[in-house]
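J.: Following this line is input.cif, made up of mmCIF, C-alpha atoms:
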```cif
data_work
loop_
_atom_site.label_atom_id
_atom_site.label_comp_id
_atom_site.auth_asym_id
_atom_site.auth_seq_id
_atom_site.Cartn_x
_atom_site.Cartn_y
_atom_site.Cartn_z
CA MET K 1 76.60 120.07 116.53
CA GLU K 2 75.82 122.34 113.59
CA LYS K 3 75.59 120.41 110.31
CA ILE K 4 77.74 122.41 107.91
CA PHE K 5 78.11 120.03 104.95
CA ASN K 6 74.71 120.61 103.34
CA ASN K 7 75.44 124.16 102.18
CA THR K 8 75.65 123.65 98.41
CA LYS K 9 76.03 127.37 97.69
CA VAL K 10 79.40 127.30 99.47
CA ALA K 11 80.30 123.83 98.16
CA PHE K 12 79.91 124.72 94.48
CA ALA K 13 80.61 128.46 94.51
CA LEU K 14 83.54 128.00 92.09
CA LYS K 15 81.57 125.97 89.55
CA THR K 16 79.86 127.65 86.62
CA ASP K 17 76.43 126.35 85.58
CA THR K 18 78.11 124.46 82.73
CA GLU K 19 80.63 122.83 85.09
CA LEU K 20 77.82 121.92 87.46
CA ASP K 21 75.90 120.27 84.61
CA ARG K 22 79.01 118.37 83.49
CA ALA K 23 79.64 117.12 87.03
CA TYR K 24 76.03 115.94 87.31
CA PHE K 25 76.26 114.12 83.98
CA LEU K 26 79.57 112.51 84.98
CA PHE K 27 78.31 111.18 88.31
CA LYS K 28 75.13 109.99 86.60
CA MET K 29 77.35 107.88 84.33
CA ILE K 30 79.48 106.65 87.23
CA ASP K 31 76.31 105.67 89.10
CA SER K 32 75.85 102.82 86.63
CA GLU K 33 78.23 99.91 87.27
CA PRO K 34 77.75 98.36 83.80
CA LEU K 35 78.49 101.73 82.19
CA VAL K 36 81.70 102.09 84.22
CA ARG K 37 82.80 98.59 83.20
CA ILE K 38 82.05 99.18 79.53
CA GLY K 39 83.55 102.69 79.58
CA THR K 40 86.74 101.40 81.21
CA ALA K 41 87.14 98.63 78.64
CA VAL K 42 86.45 100.93 75.68
CA THR K 43 88.81 103.62 77.01
CA ASN K 44 91.63 101.12 77.56
CA PHE K 45 91.14 99.71 74.08
CA ALA K 46 91.05 103.16 72.47
CA LEU K 47 94.25 104.26 74.22
CA LYS K 48 96.10 101.05 73.36
CA ALA K 49 94.96 101.33 69.75
CA HIS K 50 96.12 105.00 69.74
CA LEU K 51 92.67 106.22 68.73
CA PRO K 52 92.21 110.01 69.08
CA VAL K 53 90.21 109.94 72.34
CA GLU K 54 92.46 111.97 74.61
CA GLY K 55 90.59 115.20 73.82
CA LEU K 56 87.28 113.64 74.84
CA ILE K 57 88.78 112.19 78.04
CA ARG K 58 90.38 115.54 78.83
CA ALA K 59 87.12 117.43 78.38
CA THR K 60 85.13 115.12 80.66
CA VAL K 61 86.49 112.83 83.34
CA PHE K 62 90.09 114.16 83.30
CA ASP K 63 89.20 117.81 83.84
CA HIS K 64 86.77 116.87 86.61
CA PHE K 65 89.23 114.75 88.64
CA CYS K 66 92.63 116.22 87.60
CA GLY K 67 94.32 119.60 87.73
CA GLY K 68 96.13 119.34 84.39
CA THR K 69 98.81 117.48 82.49
CA THR K 70 101.74 119.34 84.10
CA GLU K 71 102.38 121.00 87.44
CA ASP K 72 102.20 124.44 85.77
CA ASP K 73 98.83 123.46 84.29
CA CYS K 74 97.51 123.00 87.82
CA LEU K 75 98.25 126.52 89.03
CA THR K 76 95.00 128.00 87.70
CA VAL K 77 93.02 125.43 89.69
CA VAL K 78 95.29 125.84 92.73
CA ASP K 79 94.84 129.62 92.81
CA LYS K 80 91.09 129.36 92.19
CA MET K 81 90.52 126.93 95.07
CA PHE K 82 92.70 128.99 97.40
CA THR K 83 90.39 132.00 96.95
CA LYS K 84 87.93 129.93 99.01
CA GLY K 85 90.55 128.81 101.53
CA VAL K 86 91.04 125.32 100.09
CA SER K 87 94.70 124.33 99.64
CA SER K 88 96.14 121.83 97.14
CA VAL K 89 98.39 118.77 97.23
CA LEU K 90 99.94 118.31 93.78
CA ASP K 91 99.82 114.57 93.11
CA TYR K 92 101.81 113.23 90.16
CA SER K 93 99.41 110.35 89.47
CA VAL K 94 101.42 108.28 87.03
CA GLU K 95 101.24 104.63 88.11
CA GLY K 96 102.60 101.18 87.31
CA LYS K 97 106.09 102.12 86.13
CA GLU K 98 108.98 99.63 86.27
CA GLU K 99 112.09 101.32 84.86
CA GLU K 100 114.85 103.18 86.69
CA GLU K 101 114.49 106.17 84.35
CA GLN K 102 110.80 106.39 85.25
CA PHE K 103 111.57 106.25 88.97
CA ASP K 104 114.15 109.01 88.54
CA ALA K 105 111.58 111.07 86.62
CA ALA K 106 109.09 110.63 89.50
CA LEU K 107 111.83 111.71 91.92
CA GLU K 108 112.52 114.86 89.91
CA MET K 109 108.81 115.64 89.72
CA THR K 110 108.41 115.22 93.49
CA LEU K 111 111.39 117.51 94.14
CA LYS K 112 109.79 120.03 91.78
CA THR K 113 106.46 119.90 93.65
CA ILE K 114 108.33 120.44 96.95
CA GLU K 115 109.85 123.57 95.39
CA PHE K 116 106.36 124.63 94.24
CA ALA K 117 105.03 124.11 97.74
CA LYS K 118 107.84 126.15 99.31
CA GLU K 119 106.94 129.12 97.10
CA ARG K 120 103.15 128.97 97.52
CA ALA K 121 101.02 129.10 100.65
CA ALA K 122 98.27 127.41 98.62
CA ILE K 123 100.33 124.18 98.43
CA PRO K 124 101.15 123.10 102.00
CA PHE K 125 102.12 119.47 101.21
CA ALA K 126 103.98 117.44 98.63
CA VAL K 127 103.23 113.75 98.02
CA PHE K 128 104.52 110.59 96.35
CA LYS K 129 103.76 106.87 96.16
CA PRO K 130 106.43 104.37 97.31
CA THR K 131 106.09 102.42 94.03
CA GLY K 132 106.78 105.67 92.19
CA PHE K 133 110.37 105.30 93.46
CA GLY K 134 110.95 101.57 93.02
CA ARG K 135 109.59 98.28 91.75
CA PHE K 136 106.65 96.73 93.59
CA TYR K 137 108.43 93.38 93.44
CA LEU K 138 111.31 94.68 95.56
CA TYR K 139 109.02 95.99 98.31
CA GLU K 140 107.16 92.69 98.26
CA LYS K 141 110.34 90.60 98.47
CA ILE K 142 111.70 92.63 101.39
CA GLY K 143 108.29 92.55 103.12
CA GLU K 144 108.36 88.75 102.89
CA LYS K 145 111.94 88.79 104.30
CA GLN K 146 113.38 87.11 101.21
CA PRO K 147 117.08 87.76 100.54
CA LEU K 148 117.86 90.13 97.69
CA THR K 149 120.40 89.34 95.00
CA ALA K 150 123.44 91.63 94.82
CA GLU K 151 121.87 93.46 91.87
CA GLU K 152 118.52 93.81 93.66
CA GLN K 153 120.29 95.16 96.76
CA LYS K 154 121.89 97.91 94.64
CA GLU K 155 118.48 98.67 93.16
CA TRP K 156 116.92 98.81 96.64
CA ASP K 157 119.68 101.14 97.84
CA ARG K 158 118.66 103.52 95.04
CA VAL K 159 115.02 103.35 96.20
CA VAL K 160 116.06 104.29 99.75
CA GLU K 161 118.24 107.07 98.36
CA ARG K 162 115.26 108.52 96.45
CA PHE K 163 113.21 108.54 99.66
CA ASP K 164 116.02 110.25 101.50
CA LEU K 165 116.52 112.89 98.82
CA VAL K 166 112.87 114.01 98.87
CA CYS K 167 112.56 113.84 102.66
CA LYS K 168 115.74 115.87 103.06
CA ALA K 169 114.48 118.47 100.55
CA ALA K 170 111.12 118.64 102.34
CA HIS K 171 112.88 119.14 105.68
CA GLU K 172 115.20 121.84 104.33
CA LYS K 173 112.32 123.72 102.69
CA ASP K 174 109.92 123.15 105.62
CA VAL K 175 107.30 121.46 103.42
CA ALA K 176 105.26 118.59 104.86
CA LEU K 177 105.53 115.42 102.75
CA LEU K 178 102.77 112.81 102.46
CA ILE K 179 103.82 109.26 101.50
CA ASP K 180 100.87 107.26 100.22
CA GLY K 181 99.93 103.77 101.38
CA GLU K 182 99.64 100.83 98.98
CA GLU K 183 98.96 97.08 99.10
CA SER K 184 99.56 95.32 102.43
CA TRP K 185 102.09 92.85 101.04
CA MET K 186 104.47 95.63 100.04
CA GLN K 187 103.66 98.05 102.86
CA ASP K 188 105.99 96.61 105.53
CA ALA K 189 109.05 97.50 103.44
CA ALA K 190 107.70 101.00 102.76
CA ASP K 191 106.83 101.48 106.46
CA ALA K 192 110.39 100.61 107.46
CA ILE K 193 111.86 103.29 105.17
CA VAL K 194 109.31 105.92 106.22
CA THR K 195 110.01 105.26 109.91
CA ASP K 196 113.72 105.81 109.23
CA MET K 197 112.85 109.08 107.47
CA MET K 198 110.69 110.20 110.42
CA ARG K 199 113.51 109.37 112.81
CA LYS K 200 115.86 111.45 110.70
CA TYR K 201 113.73 114.43 109.65
CA ASN K 202 110.89 114.71 112.21
CA LYS K 203 113.03 115.79 115.15
CA GLU K 204 111.37 119.23 115.57
CA LYS K 205 107.90 118.49 114.15
CA ALA K 206 106.16 116.21 111.67
CA ILE K 207 107.55 116.80 108.17
CA VAL K 208 107.38 113.22 106.86
CA PHE K 209 103.89 111.64 106.95
CA ASN K 210 103.17 107.96 106.45
CA THR K 211 99.67 106.67 105.55
CA LEU K 212 97.46 104.37 107.59
CA GLN K 213 94.84 102.52 105.56
CA LEU K 214 92.31 101.82 108.27
CA TYR K 215 90.30 99.17 106.50
CA ARG K 216 93.26 97.12 107.76
CA HIS K 217 92.48 95.94 111.30
CA ASP K 218 96.18 95.92 112.33
CA ARG K 219 97.00 99.56 111.66
CA LEU K 220 96.08 101.05 115.03
CA ASP K 221 98.37 98.55 116.76
CA TYR K 222 101.10 99.53 114.31
CA LEU K 223 100.59 103.21 115.20
CA LYS K 224 100.76 102.48 118.94
CA LYS K 225 104.09 100.67 118.53
CA LEU K 226 105.42 103.51 116.39
CA HIS K 227 104.30 105.94 119.09
CA GLN K 228 106.34 104.06 121.70
CA GLN K 229 109.34 104.21 119.38
CA ALA K 230 108.83 107.94 118.74
CA ASN K 231 108.65 108.65 122.47
CA ALA K 232 111.78 106.60 123.15
CA GLU K 233 113.81 108.05 120.28
CA GLY K 234 112.47 111.60 120.27
CA PHE K 235 110.81 112.09 116.90
CA TYR K 236 107.38 113.27 115.77
CA ILE K 237 104.77 111.25 113.87
CA GLY K 238 102.87 112.52 110.84
CA MET K 239 100.02 110.30 109.59
CA LYS K 240 97.57 110.55 106.77
CA LEU K 241 94.49 108.56 107.78
CA VAL K 242 92.38 106.98 105.03
CA ARG K 243 90.00 104.06 104.88
CA GLY K 244 91.79 102.36 101.96
CA ALA K 245 91.75 101.79 98.22
CA TYR K 246 92.62 98.15 97.50
CA MET K 247 89.96 96.17 99.35
CA GLU K 248 88.89 93.76 96.60
CA LYS K 249 92.51 93.07 95.65
CA GLU K 250 93.46 92.48 99.32
CA ASN K 251 90.60 90.04 99.97
CA LYS K 252 91.18 88.18 96.72
CA ARG K 253 94.90 87.68 97.37
CA ALA K 254 94.29 86.53 100.95
CA GLU K 255 91.80 83.96 99.69
CA GLU K 256 94.08 82.74 96.90
CA LYS K 257 97.12 82.40 99.17
CA GLY K 258 95.23 81.03 102.15
CA TYR K 259 96.01 83.62 104.82
CA PRO K 260 93.56 85.68 106.94
CA THR K 261 92.55 88.88 105.18
CA PRO K 262 94.05 92.03 106.72
CA ILE K 263 90.81 93.87 105.92
CA CYS K 264 88.16 94.65 108.56
CA GLU K 265 85.15 92.35 108.46
CA SER K 266 82.67 95.10 107.58
CA LYS K 267 82.26 98.74 106.59
CA GLU K 268 81.09 99.45 110.14
CA ALA K 269 84.26 97.87 111.60
CA THR K 270 86.36 100.03 109.25
CA ASP K 271 84.50 103.17 110.34
CA ILE K 272 85.07 102.30 114.01
CA ASN K 273 88.76 101.62 113.33
CA TYR K 274 89.13 104.97 111.54
CA ASP K 275 87.41 106.99 114.25
CA THR K 276 89.24 105.17 117.08
CA THR K 277 92.57 105.97 115.43
CA VAL K 278 91.61 109.65 115.12
CA VAL K 279 90.75 109.68 118.85
CA TYR K 280 94.11 108.08 119.69
CA MET K 281 96.01 110.64 117.63
CA MET K 282 94.07 113.54 119.13
CA GLU K 283 94.96 112.25 122.61
CA HIS K 284 98.64 112.37 121.65
CA LEU K 285 98.74 115.58 119.62
CA ASP K 286 101.90 116.57 121.49
CA ARG K 287 103.74 113.97 119.38
CA MET K 288 101.49 113.60 116.32
CA SER K 289 100.08 115.45 113.33
CA ILE K 290 96.98 114.33 111.44
CA PHE K 291 96.02 114.56 107.79
CA ALA K 292 92.45 113.19 107.90
CA GLY K 293 91.89 112.01 104.35
CA THR K 294 88.19 111.21 104.33
CA HIS K 295 85.02 111.68 102.30
CA ASN K 296 82.97 110.51 105.27
CA GLU K 297 80.86 113.28 106.80
CA LEU K 298 80.44 111.56 110.17
CA SER K 299 84.19 111.07 110.61
CA SER K 300 84.74 114.72 109.71
CA TYR K 301 82.16 115.84 112.27
CA LYS K 302 83.76 113.61 114.92
CA LEU K 303 87.16 115.20 114.37
CA ILE K 304 85.57 118.66 114.59
CA GLU K 305 83.92 117.66 117.89
CA LEU K 306 87.23 116.34 119.27
CA MET K 307 88.98 119.58 118.34
CA GLU K 308 86.27 121.61 120.07
CA ALA K 309 86.27 119.39 123.17
CA LYS K 310 90.06 119.69 123.53
CA GLY K 311 90.14 123.41 122.78
CA VAL K 312 92.28 122.89 119.67
CA LEU K 313 92.20 125.85 117.28
CA LYS K 314 90.56 125.28 113.88
CA SER K 315 93.76 126.53 112.25
CA ASP K 316 96.11 124.32 114.31
CA PRO K 317 98.84 123.28 111.83
CA ARG K 318 98.90 119.73 113.25
CA ILE K 319 95.41 118.95 111.92
CA TRP K 320 94.38 118.93 108.26
CA PHE K 321 91.31 117.58 106.50
CA GLY K 322 91.80 116.24 102.97
CA GLN K 323 89.64 115.14 100.06
CA LEU K 324 90.23 114.27 96.43
CA TYR K 325 89.73 116.92 93.74
CA GLY K 326 86.38 116.45 92.02
CA MET K 327 84.76 114.78 95.02
CA SER K 328 83.11 115.83 98.30
CA ASP K 329 83.24 119.56 97.63
CA ASN K 330 80.48 119.91 100.23
CA ILE K 331 82.98 118.77 102.88
CA SER K 332 86.07 120.62 101.61
CA TYR K 333 84.61 124.05 100.93
CA ASN K 334 82.36 124.15 103.98
CA LEU K 335 85.27 123.18 106.24
CA ALA K 336 87.36 125.96 104.70
CA GLU K 337 84.45 128.41 105.05
CA HIS K 338 84.43 127.65 108.80
CA GLY K 339 88.18 128.17 109.16
CA TYR K 340 89.55 124.61 109.21
CA ASN K 341 92.74 123.54 107.41
CA VAL K 342 91.67 121.65 104.30
CA ALA K 343 93.50 120.48 101.18
CA LYS K 344 92.42 118.76 97.99
CA TYR K 345 94.60 116.08 96.39
CA LEU K 346 95.08 117.48 92.89
CA PRO K 347 96.26 114.74 90.49
CA PHE K 348 98.17 115.65 87.34
CA GLY K 349 100.12 113.99 84.56
CA PRO K 350 99.77 113.05 80.88
CA VAL K 351 96.20 111.93 80.11
CA ARG K 352 97.30 108.47 78.99
CA ASP K 353 99.44 107.88 82.09
CA VAL K 354 96.79 109.09 84.53
CA MET K 355 94.08 106.75 83.18
CA PRO K 356 94.70 103.99 85.79
CA TYR K 357 94.07 106.61 88.50
CA LEU K 358 90.89 107.85 86.80
CA ILE K 359 89.56 104.34 86.32
CA ARG K 360 90.13 103.62 90.01
CA ARG K 361 88.23 106.78 90.94
CA ALA K 362 85.27 105.75 88.77
CA GLU K 363 85.27 102.21 90.17
CA GLU K 364 85.59 103.50 93.74
CA ASN K 365 82.60 105.79 93.32
CA THR K 366 80.60 102.90 91.89
CA SER K 367 81.50 100.48 94.68
CA VAL K 368 81.30 102.75 97.75
CA ALA K 369 77.71 102.64 98.92
CA GLY K 370 76.05 106.05 98.77
CA GLN K 371 79.10 107.97 97.48
CA THR K 372 77.76 108.72 94.00
CA SER K 373 74.14 109.20 95.03
CA ARG K 374 75.28 111.75 97.62
CA GLU K 375 77.27 113.67 94.98
CA LEU K 376 74.25 113.59 92.64
CA ASN K 377 71.86 114.81 95.35
CA LEU K 378 74.13 117.72 96.25
CA LEU K 379 74.62 118.71 92.61
CA LYS K 380 70.87 118.51 91.98
CA THR K 381 70.17 120.63 95.06
CA GLU K 382 72.56 123.32 93.85
CA ARG K 383 71.17 123.28 90.29
CA ASP K 384 67.65 123.69 91.69
CA ARG K 385 68.77 126.47 94.04
CA ARG K 386 70.33 128.41 91.16
CA LYS K 387 67.19 128.05 89.02
CA ILE K 388 65.08 129.54 91.82
CA GLU K 389 67.54 132.43 92.23
CA LYS K 390 67.46 133.35 88.53
#
```
Here is a file; write its structure as structure tokens.
T.:
Amino acid sequence: MEKIFNNTKVAFALKTDTELDRAYFLFKMIDSEPLVRIGTAVTNFALKAHLPVEGLIRATVFDHFCGGTTEDDCLTVVDKMFTKGVSSVLDYSVEGKEEEEQFDAALEMTLKTIEFAKERAAIPFAVFKPTGFGRFYLYEKIGEKQPLTAEEQKEWDRVVERFDLVCKAAHEKDVALLIDGEESWMQDAADAIVTDMMRKYNKEKAIVFNTLQLYRHDRLDYLKKLHQQANAEGFYIGMKLVRGAYMEKENKRAEEKGYPTPICESKEATDINYDTTVVYMMEHLDRMSIFAGTHNELSSYKLIELMEAKGVLKSDPRIWFGQLYGMSDNISYNLAEHGYNVAKYLPFGPVRDVMPYLIRRAEENTSVAGQTSRELNLLKTERDRRKIEK
């Protein structure tokens, strides 16, 4: 099939020469693992010591990977991307909170982004993380089938209520809602709530989407069982498909606690698992909707080929491609240029609170083989193309 992802003119059309140079410099830094380690340590120290570094962070890594500090901040970026047909998913990327007030604040922010999405065609989805609505420890305890204390049960009831409030709002406002996946040892509890929400709010179509992290070898079996349940009970399935973000942590914990790792044995096995799951969902599109969250060109081409083979329209609302803001613009903008549904995850939040997210992005780019070098090659190609044009 036609290779569409090498067109750098389309990929970087929205970037000025200065922004292109900054992106190249940033990925050059990320390409060095020692630099990422040192930069992470220095940044964490500076923030904890309340040194005045937020301006520097904002001008470099933050502005490249985030839309702004507030949801209103993001609108300039949202509108700009939408001129090229790329939609946005506003992602309140504040992590690691433990207090009820913080969970309520995340709830209010998610409700606000659902309202934003209802009012703007450029924002087709809302999103939240399960641990944004409740303590990790509670999910873990329930996942391990440990009894909760009376106080913990009340706390868990509030977590479920938060899920229900946002899913109900999404259903009423007809806004699709992505619920992110997290570590395997808390995911069973989250899956149980999300299935209940699908049963309740996905009666006409997929509004509530769960996430399958397909570096886990058990996730396709989980989807097949859910599919049987959906057929029997008459609800639709929405799934965001990703490879996964916690591999080192998953393998380390499995080794420490002496259980088999849930992670696929190799990158190749993960790729096969991802693509096989896409095929399964495409075969059951009558009951399923796909948000293909991937930076992998081959997986994106395979989904395109499946759509063509099955005569599925490029604009079919049941199929979306998704990438993170600041990464894989060659995939996002070229897909949009060819008429496919595509959305960028657009993180936002106070600079200090979003740092764990940014550090994970830097580490991910360093550890994923070829990710950073591909970004650098594309940026270099576009810089060279512009020089020739001048």
J.: Which polymer residues, whether protein, DNA or RNA, lie within 10 Å of the coordinate (101.5, 114.3, 118.1) when you count all atoms listed in the file? List them as a VMD selection string, using the chain letters and numbers from the file.
T.: chain K and resid 205 to 206 227 230 235 to 239 280 to 290 318 to 319
J.: Give as a ChimeraX atom specification every residue, naming chains and numbers as the document does, that has an atom within 12 Å of (84.2, 116.2, 115.5), counting all atoms listed in the file.
T.: /K:1-4,275,278-279,282,292,296-312,314,321,335,340
J.: For the residues selected in the previous step, produce a file with C-alpha atoms as a PDB file, in the frame of the given file.
T.:
```pdb
ATOM      1  CA  MET K   1      76.600 120.070 116.530  1.00  0.00           C
ATOM      2  CA  GLU K   2      75.820 122.340 113.590  1.00  0.00           C
ATOM      3  CA  LYS K   3      75.590 120.410 110.310  1.00  0.00           C
ATOM      4  CA  ILE K   4      77.740 122.410 107.910  1.00  0.00           C
ATOM      5  CA  ASP K 275      87.410 106.990 114.250  1.00  0.00           C
ATOM      6  CA  VAL K 278      91.610 109.650 115.120  1.00  0.00           C
ATOM      7  CA  VAL K 279      90.750 109.680 118.850  1.00  0.00           C
ATOM      8  CA  MET K 282      94.070 113.540 119.130  1.00  0.00           C
ATOM      9  CA  ALA K 292      92.450 113.190 107.900  1.00  0.00           C
ATOM     10  CA  ASN K 296      82.970 110.510 105.270  1.00  0.00           C
ATOM     11  CA  GLU K 297      80.860 113.280 106.800  1.00  0.00           C
ATOM     12  CA  LEU K 298      80.440 111.560 110.170  1.00  0.00           C
ATOM     13  CA  SER K 299      84.190 111.070 110.610  1.00  0.00           C
ATOM     14  CA  SER K 300      84.740 114.720 109.710  1.00  0.00           C
ATOM     15  CA  TYR K 301      82.160 115.840 112.270  1.00  0.00           C
ATOM     16  CA  LYS K 302      83.760 113.610 114.920  1.00  0.00           C
ATOM     17  CA  LEU K 303      87.160 115.200 114.370  1.00  0.00           C
ATOM     18  CA  ILE K 304      85.570 118.660 114.590  1.00  0.00           C
ATOM     19  CA  GLU K 305      83.920 117.660 117.890  1.00  0.00           C
ATOM     20  CA  LEU K 306      87.230 116.340 119.270  1.00  0.00           C
ATOM     21  CA  MET K 307      88.980 119.580 118.340  1.00  0.00           C
ATOM     22  CA  GLU K 308      86.270 121.610 120.070  1.00  0.00           C
ATOM     23  CA  ALA K 309      86.270 119.390 123.170  1.00  0.00           C
ATOM     24  CA  LYS K 310      90.060 119.690 123.530  1.00  0.00           C
ATOM     25  CA  GLY K 311      90.140 123.410 122.780  1.00  0.00           C
ATOM     26  CA  VAL K 312      92.280 122.890 119.670  1.00  0.00           C
ATOM     27  CA  LYS K 314      90.560 125.280 113.880  1.00  0.00           C
ATOM     28  CA  PHE K 321      91.310 117.580 106.500  1.00  0.00           C
ATOM     29  CA  LEU K 335      85.270 123.180 106.240  1.00  0.00           C
ATOM     30  CA  TYR K 340      89.550 124.610 109.210  1.00  0.00           C
TER      31      TYR K 340
END
```
J.: Have a look at CA of Glu363 in chain K and CA of Asn210 in chain K and let me know their distance in Å, one decimal.
T.: 24.9 Å
J.: Tell me, in Å to one decimal, how far CA of Thr70 in chain K is from CA of Lys168 in chain K.
T.: 23.8 Å
J.: Report the closest atom pair, with its distance in Å rounded to one decimal, for each residue of range 262-337 of chain K that has an atom no farther than 10 Å from range 7-17 of chain K; count only C-alpha atoms, sort by chain and then rising residue number, and write it as JSON lines.
T.:
```
{"residue": "K:Ser328", "atom": "CA", "partner": "K:Ala11", "partner_atom": "CA", "distance": 8.5}
{"residue": "K:Asp329", "atom": "CA", "partner": "K:Ala11", "partner_atom": "CA", "distance": 5.2}
{"residue": "K:Asn330", "atom": "CA", "partner": "K:Ala11", "partner_atom": "CA", "distance": 4.4}
{"residue": "K:Ile331", "atom": "CA", "partner": "K:Ala11", "partner_atom": "CA", "distance": 7.4}
{"residue": "K:Ser332", "atom": "CA", "partner": "K:Ala11", "partner_atom": "CA", "distance": 7.4}
{"residue": "K:Tyr333", "atom": "CA", "partner": "K:Ala11", "partner_atom": "CA", "distance": 5.1}
{"residue": "K:Asn334", "atom": "CA", "partner": "K:Ala11", "partner_atom": "CA", "distance": 6.2}
{"residue": "K:Leu335", "atom": "CA", "partner": "K:Ala11", "partner_atom": "CA", "distance": 9.5}
{"residue": "K:Ala336", "atom": "CA", "partner": "K:Val10", "partner_atom": "CA", "distance": 9.6}
{"residue": "K:Glu337", "atom": "CA", "partner": "K:Val10", "partner_atom": "CA", "distance": 7.6}
```
J.: Between K:Ala105, K:Val175, K:Ile388, K:Met247, single out the one closest to Gly132 in chain K, counting all atoms listed in the file.
T.: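 Of all the options, K:Ala105 lies closest to Gly132 in chain K.
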